[in-house]
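Content type PDB, C-alpha atoms, from the file run.pdb:
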ATOM      1  CA  PHE A   1     156.867 -94.710  38.740
ATOM      2  CA  PHE A   2     160.207 -93.711  40.237
ATOM      3  CA  PHE A   3     162.066 -95.708  37.611
ATOM      4  CA  GLN A   4     159.894 -94.512  34.749
ATOM      5  CA  ALA A   5     160.432 -90.866  35.716
ATOM      6  CA  GLU A   6     164.084 -91.299  36.649
ATOM      7  CA  ASP A   7     165.583 -89.526  33.619
ATOM      8  CA  GLY A   8     163.297 -86.541  34.136
ATOM      9  CA  ILE A   9     164.126 -86.443  37.848
ATOM     10  CA  ARG A  10     167.847 -86.487  37.047
ATOM     11  CA  ASP A  11     167.317 -83.619  34.613
ATOM     12  CA  TYR A  12     165.303 -81.767  37.269
ATOM     13  CA  LYS A  13     168.240 -82.171  39.676
ATOM     14  CA  VAL A  14     171.034 -81.294  37.280
ATOM     15  CA  THR A  15     169.441 -78.235  35.698
ATOM     16  CA  GLY A  16     168.630 -76.615  39.038
ATOM     17  CA  VAL A  17     164.959 -75.844  38.431
ATOM     18  CA  GLN A  18     164.225 -76.242  42.126
ATOM     19  CA  THR A  19     163.841 -72.544  42.974
ATOM     20  CA  CYS A  20     160.399 -73.190  44.477
ATOM     21  CA  ALA A  21     160.529 -76.972  44.393
ATOM     22  CA  LEU A  22     162.256 -79.106  46.984
ATOM     23  CA  PRO A  23     165.942 -79.433  46.000
ATOM     24  CA  ILE A  24     167.209 -82.942  45.254
ATOM     25  CA  TYR A  25     170.852 -83.198  46.286
ATOM     26  CA  ARG A  26     171.515 -86.836  45.512
ATOM     27  CA  ILE A  27     169.770 -89.778  43.856
ATOM     28  CA  VAL A  28     170.385 -93.171  45.459
ATOM     29  CA  ASP A  29     169.865 -95.958  42.924
ATOM     30  CA  HIS A  30     170.712 -99.342  44.430
ATOM     31  CA  ALA A  31     169.211-102.743  43.571
ATOM     32  CA  ASP A  32     165.418-102.283  43.715
ATOM     33  CA  MET A  33     165.575 -99.012  45.609
ATOM     34  CA  LEU A  34     165.478 -95.507  44.172
ATOM     35  CA  ALA A  35     165.619 -92.753  46.799
ATOM     36  CA  PHE A  36     166.234 -89.017  46.896
ATOM     37  CA  GLU A  37     168.353 -87.014  49.303
ATOM     38  CA  MET A  38     166.532 -83.717  49.738
ATOM     39  CA  GLU A  39     166.551 -80.479  51.703
ATOM     40  CA  TYR A  40     165.085 -80.615  55.204
ATOM     41  CA  VAL A  41     162.292 -78.049  55.477
ATOM     42  CA  ASP A  42     161.810 -76.891  59.069
ATOM     43  CA  GLY A  43     158.302 -75.482  58.645
ATOM     44  CA  PRO A  44     154.859 -77.088  58.368
ATOM     45  CA  SER A  45     153.097 -78.273  55.246
ATOM     46  CA  LEU A  46     150.330 -76.150  53.768
ATOM     47  CA  GLN A  47     147.892 -78.781  55.020
ATOM     48  CA  GLN A  48     149.117 -78.345  58.602
ATOM     49  CA  LEU A  49     148.978 -74.567  58.263
ATOM     50  CA  VAL A  50     145.391 -74.647  56.996
ATOM     51  CA  LEU A  51     144.309 -76.989  59.807
ATOM     52  CA  GLN A  52     145.816 -74.694  62.428
ATOM     53  CA  LEU A  53     144.325 -71.550  60.886
ATOM     54  CA  LYS A  54     140.878 -73.180  60.874
ATOM     55  CA  GLN A  55     141.108 -73.477  64.659
ATOM     56  CA  ARG A  56     141.475 -69.705  65.074
ATOM     57  CA  PRO A  57     138.277 -67.642  65.569
ATOM     58  CA  LYS A  58     139.286 -65.194  62.843
ATOM     59  CA  PRO A  59     142.503 -66.286  61.074
ATOM     60  CA  SER A  60     144.941 -63.497  60.309
ATOM     61  CA  LEU A  61     148.492 -62.809  59.198
ATOM     62  CA  THR A  62     149.460 -62.605  62.862
ATOM     63  CA  ASP A  63     148.275 -66.189  63.319
ATOM     64  CA  LEU A  64     150.295 -67.273  60.282
ATOM     65  CA  GLN A  65     153.412 -65.595  61.670
ATOM     66  CA  SER A  66     152.824 -67.294  65.007
ATOM     67  CA  ILE A  67     152.433 -70.738  63.425
ATOM     68  CA  LEU A  68     155.558 -70.338  61.295
ATOM     69  CA  GLY A  69     157.444 -68.773  64.193
ATOM     70  CA  SER A  70     158.683 -65.735  62.301
ATOM     71  CA  GLU A  71     157.432 -62.194  61.722
ATOM     72  CA  ALA A  72     159.132 -62.334  58.313
ATOM     73  CA  ALA A  73     156.860 -65.191  57.235
ATOM     74  CA  ALA A  74     154.261 -62.805  55.779
ATOM     75  CA  ARG A  75     156.850 -61.780  53.146
ATOM     76  CA  GLY A  76     155.269 -58.371  52.644
ATOM     77  CA  ALA A  77     151.701 -59.622  52.233
ATOM     78  CA  ARG A  78     148.977 -57.396  53.681
ATOM     79  CA  SER A  79     146.470 -60.189  54.268
ATOM     80  CA  LEU A  80     146.172 -63.959  54.420
ATOM     81  CA  VAL A  81     144.561 -63.955  50.982
ATOM     82  CA  GLU A  82     147.500 -62.055  49.499
ATOM     83  CA  PHE A  83     149.962 -64.428  51.192
ATOM     84  CA  PHE A  84     148.256 -67.459  49.645
ATOM     85  CA  VAL A  85     148.019 -65.780  46.233
ATOM     86  CA  ARG A  86     151.782 -65.199  46.295
ATOM     87  CA  MET A  87     152.307 -68.782  47.413
ATOM     88  CA  GLY A  88     150.171 -70.008  44.506
ATOM     89  CA  ILE A  89     152.211 -67.981  42.017
ATOM     90  CA  ALA A  90     155.475 -69.405  43.395
ATOM     91  CA  ILE A  91     154.237 -73.005  43.209
ATOM     92  CA  ALA A  92     152.821 -72.438  39.712
ATOM     93  CA  ARG A  93     156.280 -71.315  38.563
ATOM     94  CA  ALA A  94     157.903 -74.357  40.160
ATOM     95  CA  LEU A  95     155.344 -76.602  38.504
ATOM     96  CA  ALA A  96     155.944 -74.968  35.123
ATOM     97  CA  ALA A  97     159.662 -75.709  35.455
ATOM     98  CA  VAL A  98     158.895 -79.332  36.335
ATOM     99  CA  HIS A  99     156.601 -79.649  33.307
ATOM    100  CA  GLU A 100     159.284 -78.163  31.069
ATOM    101  CA  ARG A 101     161.493 -81.107  32.088
ATOM    102  CA  GLY A 102     158.833 -83.543  30.905
ATOM    103  CA  LEU A 103     157.558 -84.552  34.332
ATOM    104  CA  ILE A 104     154.006 -84.694  35.665
ATOM    105  CA  HIS A 105     153.804 -84.520  39.454
ATOM    106  CA  ARG A 106     150.403 -86.270  39.806
ATOM    107  CA  ASP A 107     149.936 -85.479  43.496
ATOM    108  CA  ILE A 108     149.690 -81.712  43.955
ATOM    109  CA  LYS A 109     147.917 -81.109  47.262
ATOM    110  CA  PRO A 110     148.389 -79.094  50.480
ATOM    111  CA  SER A 111     150.421 -81.797  52.243
ATOM    112  CA  ASN A 112     152.942 -81.752  49.379
ATOM    113  CA  ILE A 113     153.600 -78.027  49.646
ATOM    114  CA  LEU A 114     156.014 -77.276  52.471
ATOM    115  CA  LEU A 115     156.649 -73.880  54.016
ATOM    116  CA  ARG A 116     160.010 -72.686  55.259
ATOM    117  CA  ARG A 117     159.955 -70.653  58.460
ATOM    118  CA  ASP A 118     160.364 -67.460  56.432
ATOM    119  CA  GLY A 119     157.158 -68.251  54.523
ATOM    120  CA  ARG A 120     158.746 -69.420  51.266
ATOM    121  CA  PRO A 121     156.835 -72.392  49.796
ATOM    122  CA  VAL A 122     158.429 -75.425  48.170
ATOM    123  CA  LEU A 123     156.839 -78.144  46.066
ATOM    124  CA  ALA A 124     157.666 -81.587  47.452
ATOM    125  CA  ASP A 125     157.079 -85.340  47.076
ATOM    126  CA  PHE A 126     157.809 -86.570  43.579
ATOM    127  CA  GLY A 127     156.987 -90.140  44.590
ATOM    128  CA  LEU A 128     154.208 -90.427  41.980
ATOM    129  CA  ALA A 129     155.930 -88.374  39.281
ATOM    130  CA  ARG A 130     155.997 -89.807  35.801
ATOM    131  CA  THR A 131     157.139 -88.652  32.407
ATOM    132  CA  GLY A 132     154.672 -87.125  29.991
ATOM    133  CA  ASN A 133     155.897 -89.412  27.210
ATOM    134  CA  LEU A 134     152.978 -91.772  26.610
ATOM    135  CA  ALA A 135     155.108 -93.826  24.213
ATOM    136  CA  VAL A 136     156.985 -95.170  27.239
ATOM    137  CA  THR A 137     155.355 -98.140  28.963
ATOM    138  CA  GLN A 138     153.837 -96.889  32.198
ATOM    139  CA  SER A 139     151.005 -97.910  34.479
ATOM    140  CA  HIS A 140     147.762 -96.179  33.535
ATOM    141  CA  ALA A 141     146.034 -96.792  36.866
ATOM    142  CA  PHE A 142     144.981 -93.756  38.865
ATOM    143  CA  ALA A 143     147.445 -92.826  41.581
ATOM    144  CA  GLY A 144     147.040 -89.839  43.851
ATOM    145  CA  THR A 145     144.478 -88.250  46.170
ATOM    146  CA  PRO A 146     140.891 -88.175  44.777
ATOM    147  CA  LEU A 147     139.913 -84.909  46.473
ATOM    148  CA  TYR A 148     142.616 -83.044  44.515
ATOM    149  CA  ALA A 149     142.581 -85.084  41.291
ATOM    150  CA  ALA A 150     141.221 -83.834  37.966
ATOM    151  CA  PRO A 151     137.861 -85.460  37.082
ATOM    152  CA  GLU A 152     139.238 -87.137  33.929
ATOM    153  CA  ARG A 153     141.723 -89.004  36.120
ATOM    154  CA  LEU A 154     138.950 -90.259  38.385
ATOM    155  CA  ARG A 155     136.914 -91.327  35.345
ATOM    156  CA  GLY A 156     139.578 -93.062  33.289
ATOM    157  CA  GLY A 157     142.829 -93.336  35.216
ATOM    158  CA  ASP A 158     146.122 -91.813  34.122
ATOM    159  CA  GLU A 159     146.392 -93.191  30.591
ATOM    160  CA  ALA A 160     146.085 -89.819  28.865
ATOM    161  CA  ILE A 161     147.295 -87.623  31.710
ATOM    162  CA  ASP A 162     149.187 -84.433  30.893
ATOM    163  CA  ALA A 163     150.299 -81.249  32.657
ATOM    164  CA  ARG A 164     146.721 -79.946  32.834
ATOM    165  CA  ALA A 165     145.964 -82.503  35.546
ATOM    166  CA  ASP A 166     148.602 -80.891  37.783
ATOM    167  CA  ILE A 167     147.181 -77.440  37.033
ATOM    168  CA  TYR A 168     143.716 -78.590  38.106
ATOM    169  CA  SER A 169     145.137 -79.956  41.362
ATOM    170  CA  LEU A 170     146.918 -76.653  41.968
ATOM    171  CA  GLY A 171     143.564 -74.883  41.544
ATOM    172  CA  VAL A 172     141.945 -77.088  44.190
ATOM    173  CA  THR A 173     144.907 -76.500  46.505
ATOM    174  CA  LEU A 174     144.856 -72.722  46.054
ATOM    175  CA  TYR A 175     141.095 -72.617  46.622
ATOM    176  CA  GLU A 176     141.471 -74.597  49.840
ATOM    177  CA  ALA A 177     144.329 -72.410  51.066
ATOM    178  CA  ILE A 178     142.341 -69.202  50.587
ATOM    179  CA  THR A 179     138.994 -70.465  51.901
ATOM    180  CA  LEU A 180     140.409 -72.991  54.415
ATOM    181  CA  SER A 181     138.093 -75.565  52.833
ATOM    182  CA  PRO A 182     138.327 -77.725  49.671
ATOM    183  CA  PRO A 183     135.839 -76.820  46.909
ATOM    184  CA  TYR A 184     134.267 -80.278  46.757
ATOM    185  CA  HIS A 185     133.473 -82.720  49.566
ATOM    186  CA  GLY A 186     132.229 -86.286  49.470
ATOM    187  CA  ARG A 187     132.146 -89.516  51.409
ATOM    188  CA  SER A 188     133.468 -91.450  48.422
ATOM    189  CA  THR A 189     135.447 -90.884  45.219
ATOM    190  CA  GLY A 190     132.213 -91.264  43.243
ATOM    191  CA  GLU A 191     130.454 -88.572  45.264
ATOM    192  CA  VAL A 192     133.378 -86.168  44.865
ATOM    193  CA  LEU A 193     133.407 -86.831  41.107
ATOM    194  CA  ARG A 194     129.665 -86.168  40.796
ATOM    195  CA  ARG A 195     130.052 -82.811  42.507
ATOM    196  CA  MET A 196     133.003 -81.939  40.281
ATOM    197  CA  GLU A 197     131.025 -82.838  37.174
ATOM    198  CA  ARG A 198     128.256 -80.429  38.149
ATOM    199  CA  GLY A 199     130.865 -77.683  37.813
ATOM    200  CA  LYS A 200     129.343 -75.531  40.536
ATOM    201  CA  LEU A 201     132.345 -74.052  42.299
ATOM    202  CA  PRO A 202     131.221 -72.384  45.547
ATOM    203  CA  PRO A 203     132.124 -68.647  45.419
ATOM    204  CA  MET A 204     135.112 -67.751  47.572
ATOM    205  CA  ARG A 205     133.247 -64.917  49.255
ATOM    206  CA  ALA A 206     130.807 -67.434  50.720
ATOM    207  CA  ARG A 207     133.663 -69.527  52.116
ATOM    208  CA  THR A 208     136.036 -66.827  53.411
ATOM    209  CA  ARG A 209     133.964 -65.605  56.323
ATOM    210  CA  TYR A 210     137.122 -64.607  58.179
ATOM    211  CA  VAL A 211     137.491 -61.677  55.751
ATOM    212  CA  SER A 212     135.398 -58.670  56.705
ATOM    213  CA  ARG A 213     134.014 -56.357  54.048
ATOM    214  CA  SER A 214     135.957 -53.520  55.682
ATOM    215  CA  GLU A 215     139.225 -55.127  54.601
ATOM    216  CA  GLU A 216     139.173 -53.387  51.243
ATOM    217  CA  HIS A 217     142.473 -54.767  49.901
ATOM    218  CA  THR A 218     141.531 -58.369  50.635
ATOM    219  CA  SER A 219     138.020 -57.926  49.257
ATOM    220  CA  GLU A 220     139.449 -56.547  46.015
ATOM    221  CA  LEU A 221     141.602 -59.643  45.656
ATOM    222  CA  GLN A 222     138.722 -62.067  46.067
ATOM    223  CA  SER A 223     137.015 -61.670  42.685
ATOM    224  CA  PRO A 224     140.248 -62.162  40.672
ATOM    225  CA  CYS A 225     141.147 -65.151  42.897
ATOM    226  CA  ASN A 226     137.746 -66.683  42.349
ATOM    227  CA  LEU A 227     138.140 -66.248  38.572
ATOM    228  CA  VAL A 228     141.641 -67.771  38.579
ATOM    229  CA  CYS A 229     140.453 -70.792  40.557
ATOM    230  CA  ARG A 230     137.526 -71.254  38.197
ATOM    231  CA  LEU A 231     139.900 -71.225  35.212
ATOM    232  CA  LEU A 232     142.262 -73.676  36.902
ATOM    233  CA  LEU A 233     139.360 -75.985  37.744
ATOM    234  CA  GLU A 234     137.789 -75.985  34.274
ATOM    235  CA  LYS A 235     136.822 -79.470  33.175
ATOM    236  CA  LYS A 236     138.845 -81.014  30.357
TER     237      LYS A 236
END
Could I get this structure in the form of structure tokens?
Amino acid sequence: FFFQAEDGIRDYKVTGVQTCALPIYRIVDHADMLAFEMEYVDGPSLQQLVLQLKQRPKPSLTDLQSILGSEAAARGARSLVEFFVRMGIAIARALAAVHERGLIHRDIKPSNILLRRDGRPVLADFGLARTGNLAVTQSHAFAGTPLYAAPERLRGGDEAIDARADIYSLGVTLYEAITLSPPYHGRSTGEVLRRMERGKLPPMRARTRYVSRSEEHTSELQSPCNLVCRLLLEKK
């Protein structure tokens, strides 16, 4: 997939669309190896952040600042929910820029979103990226992480994949960031797919027990967030 997406990756690098995506400084293309020289991000991944927040009795912005090691990490957010909403917007913009260059990421998930110490998120790991040009010979086998993959990919592989698959994965990721739990669980890919197909997305209010009803600002954000996640997770 590296070789098939190489032209798009070069375009991604040259045009400087990496505002909220991990910058690629150099492409090493030697013999059978294609590698990227990228920025070193000194903070945790979103996955690591979520795991650490889940260990706190009542996760808060203070906990986030402690984990990232900077009071500036909140970036003006008044609650954890608002922080993750802003993060989702930033990653959505980065993803839009990637799609404009003809690339499909194929592996949007919490471990592929890195956080700088100041709280700024960056989209990382283009190891499974491919072009959206289906006229080019490419493998149609599913590649990625089932828990975050769109249901059509789990059903039929990546033959007809387009940018909507990345958007679905972003919806799952945003839902998990806000609720500290993925929307669908399962012991196998088939079980996860069956729960996806039912289309019953658990309401965020039921999952975000760390938010008290007295936190008016956060509570006001929850309904719009729930709606956005439902739209992002609509079945194709």
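Taking atom CA of Thr179 of chain A and atom CA of Arg207 of chain A as the two end points, the separation is 5.4 Å.
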Option closest in space to Pro202 of chain A, from A:Tyr184, A:Val41, A:Ala165, A:Thr189 [counting all atoms listed in the file] =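 Distance minimum relative to Pro202 of chain A lands on A:Tyr184.
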Any chance you could work out the residue set of the PyMOL selection byres ((chain A and resi 24) around 8) here, as a list in words?
-> Lys13, Gln18, Leu22, Pro23, Tyr25, Arg26, Ile27, Phe36, Glu37, Met38 and Glu39 of chain A
Using all atoms listed in the file, which of the listed residues (A:Gly186, A:Gly69, A:Gly43, A:Gly76) sits closest to Pro121 of chain A?
->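 Under the stated criterion, the closest residue is A:Gly43.
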Might you spell out which residues the PyMOL selection byres ((chain A and resi 107) around 7) would select in the displayed file, as a ChimeraX atom specification?
-> /A:105-106,108-109,128,144-145
With C-alpha atoms kept, could you save the residues just selected as an mmCIF file, in the coordinates of the input?
data_model
loop_
_atom_site.group_PDB
_atom_site.id
_atom_site.type_symbol
_atom_site.label_atom_id
_atom_site.label_comp_id
_atom_site.auth_asym_id
_atom_site.auth_seq_id
_atom_site.Cartn_x
_atom_site.Cartn_y
_atom_site.Cartn_z
ATOM 1 C CA HIS A 105 153.804 -84.520 39.454
ATOM 2 C CA ARG A 106 150.403 -86.270 39.806
ATOM 3 C CA ILE A 108 149.690 -81.712 43.955
ATOM 4 C CA LYS A 109 147.917 -81.109 47.262
ATOM 5 C CA LEU A 128 154.208 -90.427 41.980
ATOM 6 C CA GLY A 144 147.040 -89.839 43.851
ATOM 7 C CA THR A 145 144.478 -88.250 46.170
#
Min atom-atom distance to Ala73 of chain A from the set A:Ile104, A:Leu115, A:Met204, A:Leu95, counting only C-alpha atoms, belongs to A:Leu115
Nearby residues (all atoms listed in the file) at most 12 Å from Leu53 of chain A, same-chain spacing under 6 positions excluded, as a list in words =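 Result of the neighbour search: Leu46, Gln47, Pro59, Ser60, Leu61, Thr62, Asp63, Leu64, Gln65, Ser66, Ile67, Leu68, Leu80, Glu176, Ala177, Ile178, Thr179, Leu180, Ser181 and Tyr210 of chain A.
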How about saving the chosen residues, C-alpha atoms kept, as a short mmCIF file (atom, residue, chain, number, x, y, z; two decimals), keeping the file's coordinate frame?
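again_35.cif was written with the following content:
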data_model
loop_
_atom_site.label_atom_id
_atom_site.label_comp_id
_atom_site.auth_asym_id
_atom_site.auth_seq_id
_atom_site.Cartn_x
_atom_site.Cartn_y
_atom_site.Cartn_z
CA LEU A 46 150.33 -76.15 53.77
CA GLN A 47 147.89 -78.78 55.02
CA PRO A 59 142.50 -66.29 61.07
CA SER A 60 144.94 -63.50 60.31
CA LEU A 61 148.49 -62.81 59.20
CA THR A 62 149.46 -62.60 62.86
CA ASP A 63 148.28 -66.19 63.32
CA LEU A 64 150.29 -67.27 60.28
CA GLN A 65 153.41 -65.60 61.67
CA SER A 66 152.82 -67.29 65.01
CA ILE A 67 152.43 -70.74 63.42
CA LEU A 68 155.56 -70.34 61.30
CA LEU A 80 146.17 -63.96 54.42
CA GLU A 176 141.47 -74.60 49.84
CA ALA A 177 144.33 -72.41 51.07
CA ILE A 178 142.34 -69.20 50.59
CA THR A 179 138.99 -70.46 51.90
CA LEU A 180 140.41 -72.99 54.42
CA SER A 181 138.09 -75.56 52.83
CA TYR A 210 137.12 -64.61 58.18
#
Atom CA of Leu147 of chain A to atom CA of Gln48 of chain A, straight-line distance in Å =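 These atoms are spaced 16.6 Å apart.
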